[in-house]
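S.K.: For reference, the structure I am asking about is given below.
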Amino acid sequence: MANLAKQATSGFLSMGALLFVITSLFLFIGKNLFFSGWTADHATITPLRWLASTMVPVIVVSWGHGRKSLSTSGALLALIVGFFLTLAHYSFFFCLLALLITSSKASKYKQDSTAKQDEDVKEGGQKNWLQVLCNGGIAFELCLLYLLDIGSADLPVDFRHQYRASWLGMAVLGAISCCNGDTWAKEFGTVLATADPFLITTFQKVPKGTNGGVTPVGILSSFVGGLVIGVAYFMGILMTAASMDMEIAPNQILVILVGGLGGLGGSLLDSLLGASLQFSGKDAKTSKIVEVAREGVIPIAGKMVLDNHSVNLVSSILTALLLPKIALAVGL
């Protein structure tokens with residue numbers, strides 16, 4: 001039965017990927033027949049760019065599904081997100097790829113330890129459609145704005161000459177680095193920290209798994225997780241940006257630092273929201289940390305206003321809005 005279910009799931013994803021490819025090609029033909037370039041300034045997207053935006057996400061998502069990093073629903077949604085991110089800017093896709101790989105590896109790291117604190121991640125770090133939406137939804141919306149305003153263009157970060165493109169690019173970096181930094185902080189901080197975390201709002205010691213609980217290891221991990229996304233963005237610029245644009249742009253290596261600050265700041269925002277607007281309590285019978293206030297649960301912190309997905313979404317929005325200002329401040 002398990003093998004039959006696995007084959008059915010794999011077949012469903014293959015059919016979805018095939019329909020995605022066919023639909024994408026028909027969209028490209030229709031775009032050129034009826035609109036002749038639908039981005040800003042009516043710039044035409046080359047067939048090679050459209051083909052790469054279609055096939056590369058299919059290959060990566062199929063790999064992720066085969067490695068059990070993505071569920072079938074998560075893989076299908078990731079196809080759409082990956083297509084538009086690749087179409088807008090290759091750096092956007094590299095960031096999403098780095099998020100998929102490193103966050104899944106972090107979730108798989110000592111899985112027996114992390115599974116006790118995180119019920120939303122399936123066995124093996126598998127992410128469903130809701131987690132893909134929360135992690136990539138804001139970046140997806142921002143890349144649509146990028147396509148409509150800037151077009152399909154791999155521009156370096158240069159607020160002096162390309163302000164709107166740079167603002168939207170750093171906002172995408174902020175949204176993705178926030179998600180990766182928070183994942184690294186949660187997984188590595190929970191496993192590697194020897195002492196109990198402290199609540200970010202009161203600095204009091206709380207049990208592991210408490211929303212809003214932070215550790216020095218977790219804070220450092222969030223910064224490193226953001227750096228990884230910054231490196232991915234930087235590599236995309238080096239590989240695809242025009243030399244003429246690079247000559248007049250600031251030193252792009254600063255993008256890596258900005259990514260690290262996005263991971264750190266996003267994780268801290270996530271912890272602040274979790275400590276205040278997300279309930280944490282200890283079940284008296286099982287001694288596990290739960291997020292629902294009920295009889296037999298000892299309250300620790302927070303109110304039942306947001307759930308884990310909502311906290312992730314709000315923190316990524318705030319980081320996306322703040323990171324362009326940080327990038328401008330550091331000299332980009």
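Going by the structure tokens order, chains are called A, B, ..., each with residues numbered from 1, while ligands are numbered from 1 in the order shown.
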Would you kindly return, as a list in words, each protein, DNA or RNA residue with an atom no farther than 8 Å from any atom of segment 195-212 of chain A, considering only C-alpha atoms and excluding same-chain residues fewer than 5 positions away?
M.R.: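 In the requested form, the answer reads Gln117, Asp118, Thr190, Asp270, Ser271, Leu272, Leu273, Gly274, Ala275, Ser276, Gln278, Phe279, Ser280, Gly281, Ile289, Ile300, Ala301 and Gly302 of chain A.
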S.K.: Export, as a tab-separated table (two decimals), in the first residue's frame, the selected residues with all heavy atoms.
M.R.:
```
chain	number	residue	atom	x	y	z
A	117	GLN	N	9.30	19.69	19.04
A	117	GLN	CA	8.90	21.09	19.15
A	117	GLN	C	8.11	21.59	17.95
A	117	GLN	O	7.45	22.61	18.02
A	117	GLN	CB	10.14	21.98	19.32
A	117	GLN	CG	10.66	22.03	20.74
A	117	GLN	CD	11.47	20.80	21.09
A	117	GLN	OE1	12.19	20.29	20.26
A	117	GLN	NE2	11.36	20.33	22.30
A	118	ASP	N	8.20	20.88	16.80
A	118	ASP	CA	7.58	21.41	15.57
A	118	ASP	C	6.67	20.37	14.95
A	118	ASP	O	7.12	19.45	14.32
A	118	ASP	CB	8.68	21.80	14.58
A	118	ASP	CG	8.13	22.62	13.43
A	118	ASP	OD1	6.91	22.79	13.37
A	118	ASP	OD2	8.94	23.10	12.62
A	190	THR	N	17.52	24.98	18.86
A	190	THR	CA	16.88	23.99	19.72
A	190	THR	C	17.80	22.82	20.00
A	190	THR	O	17.86	22.31	21.12
A	190	THR	CB	15.59	23.48	19.05
A	190	THR	OG1	14.70	24.58	18.86
A	190	THR	CG2	14.90	22.45	19.92
A	270	ASP	N	10.27	37.65	14.40
A	270	ASP	CA	9.46	36.45	14.57
A	270	ASP	C	9.35	36.08	16.05
A	270	ASP	O	8.27	35.71	16.53
A	270	ASP	CB	10.08	35.29	13.78
A	270	ASP	CG	9.20	34.06	13.76
A	270	ASP	OD1	9.20	33.31	14.76
A	270	ASP	OD2	8.52	33.81	12.75
A	271	SER	N	10.45	36.19	16.78
A	271	SER	CA	10.44	35.86	18.20
A	271	SER	C	9.60	36.86	19.00
A	271	SER	O	8.87	36.47	19.93
A	271	SER	CB	11.87	35.84	18.74
A	271	SER	OG	12.63	34.83	18.12
A	272	LEU	N	9.70	38.14	18.65
A	272	LEU	CA	8.89	39.15	19.34
A	272	LEU	C	7.40	38.91	19.12
A	272	LEU	O	6.60	38.99	20.07
A	272	LEU	CB	9.26	40.55	18.84
A	272	LEU	CG	10.57	41.14	19.37
A	272	LEU	CD1	10.93	42.40	18.60
A	272	LEU	CD2	10.44	41.45	20.86
A	273	LEU	N	7.02	38.61	17.89
A	273	LEU	CA	5.62	38.30	17.60
A	273	LEU	C	5.18	37.03	18.31
A	273	LEU	O	4.08	36.95	18.86
A	273	LEU	CB	5.42	38.16	16.09
A	273	LEU	CG	5.55	39.43	15.25
A	273	LEU	CD1	5.57	39.09	13.77
A	273	LEU	CD2	4.40	40.39	15.57
A	274	GLY	N	6.05	36.02	18.30
A	274	GLY	CA	5.71	34.75	18.95
A	274	GLY	C	5.55	34.88	20.45
A	274	GLY	O	4.68	34.24	21.05
A	275	ALA	N	6.39	35.71	21.04
A	275	ALA	CA	6.34	35.88	22.50
A	275	ALA	C	5.11	36.66	22.95
A	275	ALA	O	4.65	36.48	24.09
A	275	ALA	CB	7.60	36.58	23.00
A	276	SER	N	4.58	37.51	22.09
A	276	SER	CA	3.47	38.38	22.49
A	276	SER	C	2.12	37.98	21.92
A	276	SER	O	1.09	38.08	22.62
A	276	SER	CB	3.79	39.83	22.09
A	276	SER	OG	4.08	39.91	20.70
A	278	GLN	N	1.45	34.89	20.16
A	278	GLN	CA	1.28	33.45	19.95
A	278	GLN	C	1.37	32.74	21.29
A	278	GLN	O	2.36	32.88	22.01
A	278	GLN	CB	2.37	32.94	18.99
A	278	GLN	CG	2.16	31.51	18.52
A	278	GLN	CD	3.23	31.10	17.50
A	278	GLN	OE1	4.15	31.85	17.21
A	278	GLN	NE2	3.10	29.89	16.98
A	279	PHE	N	0.34	31.98	21.60
A	279	PHE	CA	0.27	31.34	22.92
A	279	PHE	C	1.28	30.19	23.04
A	279	PHE	O	1.48	29.41	22.10
A	279	PHE	CB	-1.14	30.80	23.18
A	279	PHE	CG	-1.28	30.09	24.48
A	279	PHE	CD1	-1.46	30.79	25.66
A	279	PHE	CD2	-1.23	28.70	24.54
A	279	PHE	CE1	-1.60	30.14	26.87
A	279	PHE	CE2	-1.37	28.03	25.74
A	279	PHE	CZ	-1.55	28.76	26.91
A	280	SER	N	1.89	30.11	24.20
A	280	SER	CA	2.74	28.96	24.55
A	280	SER	C	2.37	28.51	25.95
A	280	SER	O	2.23	29.32	26.86
A	280	SER	CB	4.22	29.33	24.52
A	280	SER	OG	4.65	29.63	23.22
A	281	GLY	N	2.17	27.21	26.09
A	281	GLY	CA	1.85	26.64	27.39
A	281	GLY	C	2.43	25.26	27.52
A	281	GLY	O	2.81	24.62	26.54
A	289	ILE	N	5.26	21.37	25.00
A	289	ILE	CA	4.85	22.75	24.76
A	289	ILE	C	3.75	22.75	23.71
A	289	ILE	O	3.91	22.18	22.63
A	289	ILE	CB	6.03	23.61	24.28
A	289	ILE	CG1	7.18	23.54	25.30
A	289	ILE	CG2	5.59	25.05	24.07
A	289	ILE	CD1	6.81	24.02	26.69
A	300	ILE	N	2.61	29.93	29.60
A	300	ILE	CA	3.99	30.41	29.73
A	300	ILE	C	4.11	31.83	29.21
A	300	ILE	O	4.64	32.71	29.89
A	300	ILE	CB	4.97	29.49	28.95
A	300	ILE	CG1	4.94	28.07	29.53
A	300	ILE	CG2	6.39	30.05	29.01
A	300	ILE	CD1	5.79	27.09	28.77
A	301	ALA	N	3.63	32.06	27.98
A	301	ALA	CA	3.74	33.40	27.39
A	301	ALA	C	2.78	33.52	26.22
A	301	ALA	O	2.33	32.53	25.65
A	301	ALA	CB	5.17	33.65	26.93
A	302	GLY	N	2.46	34.78	25.86
A	302	GLY	CA	1.73	35.06	24.64
A	302	GLY	C	0.22	34.92	24.74
A	302	GLY	O	-0.32	34.36	25.70
```
S.K.: Could you name the residues that touch Ile176 of chain A at 12 Å or less, counting only C-alpha atoms, but leaving out those on the same chain fewer than 6 positions away, as an MDAnalysis selection string?
M.R.: chainID A and resid 85 91:100 102:103 132:140 142:143 169:170 182:183 225:230 232:233 259:264 266:267 312:313 315:320 323
S.K.: Using the chain letters and numbers from this document, which residues of segment 112-280 of chain A does DSSP assign to strand (DSSP E or B), as a list in words?
M.R.: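 The strand (DSSP E or B) subset of segment 112-280 of chain A is Lys127, Phe198, Leu199, Lys205, Gly213, Val214 and Ser280 of chain A.
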S.K.: Tell me, as an MDAnalysis selection string, which residues lie within 10 Å of segment 285-287 of chain A, counting only C-alpha atoms; anything in the same chain fewer than 5 positions away does not count.
M.R.: chainID A and resid 207 296:298
S.K.: Can you write out the residues you just picked, keeping C-alpha atoms, as a PDB file, in the first residue's frame?
M.R.:
```pdb
ATOM      1  CA  PRO A 207      11.384  25.581  28.216  1.00  0.00           C
ATOM      2  CA  GLY A 296      -4.526  21.185  31.960  1.00  0.00           C
ATOM      3  CA  VAL A 297      -2.178  23.577  30.160  1.00  0.00           C
ATOM      4  CA  ILE A 298       0.030  25.885  32.200  1.00  0.00           C
TER       5      ILE A 298
END
```
S.K.: Determine which residues of segment 102-251 of chain A receive a DSSP assignment of helix (DSSP H, G or I), computed from the backbone, and state them as a VMD selection string.
M.R.: chain A and resid 102 to 108 111 to 114 123 to 125 129 to 149 163 to 192 216 to 240 243 to 248
S.K.: Would you tabulate, counting only C-alpha atoms, all residues of segment 70-184 of chain A that have an atom at most 7 Å from an atom of segment 58-64 of chain A, showing the closest pair of atoms and their distance in Å to one decimal, sorted by chain then ascending number, as a Markdown table?
M.R.:
```
| residue | atom | partner | partner_atom | distance |
| --- | --- | --- | --- | --- |
| A:Leu70 | CA | A:Gly64 | CA | 5.7 |
| A:Ala75 | CA | A:Val61 | CA | 5.8 |
| A:Ala78 | CA | A:Val61 | CA | 6.9 |
| A:Leu79 | CA | A:Val58 | CA | 6.3 |
```
S.K.: Next, write the just-selected residues to a file, as a PDB file, in the first residue's frame, keeping N, CA, C and O atoms as the atom set.
M.R.:
```
ATOM      1  N   LEU A  70       9.849  18.390  -0.129  1.00  0.00           N
ATOM      2  CA  LEU A  70       8.567  19.005  -0.441  1.00  0.00           C
ATOM      3  C   LEU A  70       7.496  17.933  -0.546  1.00  0.00           C
ATOM      4  O   LEU A  70       7.732  16.860  -1.115  1.00  0.00           O
ATOM      5  N   ALA A  75       5.234  21.009  -3.661  1.00  0.00           N
ATOM      6  CA  ALA A  75       5.988  20.993  -4.914  1.00  0.00           C
ATOM      7  C   ALA A  75       5.229  21.709  -6.027  1.00  0.00           C
ATOM      8  O   ALA A  75       5.812  22.468  -6.802  1.00  0.00           O
ATOM      9  N   ALA A  78       5.399  25.355  -5.406  1.00  0.00           N
ATOM     10  CA  ALA A  78       6.778  25.818  -5.615  1.00  0.00           C
ATOM     11  C   ALA A  78       7.093  25.982  -7.095  1.00  0.00           C
ATOM     12  O   ALA A  78       7.924  26.820  -7.471  1.00  0.00           O
ATOM     13  N   LEU A  79       6.454  25.184  -7.959  1.00  0.00           N
ATOM     14  CA  LEU A  79       6.633  25.339  -9.402  1.00  0.00           C
ATOM     15  C   LEU A  79       6.234  26.742  -9.860  1.00  0.00           C
ATOM     16  O   LEU A  79       6.954  27.392 -10.629  1.00  0.00           O
TER      17      LEU A  79
END
```
S.K.: So how many Å separate atom CA of Leu306 of chain A and atom CA of Gly213 of chain A, to one decimal?
M.R.: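 Those two atoms sit 16.1 Å apart.
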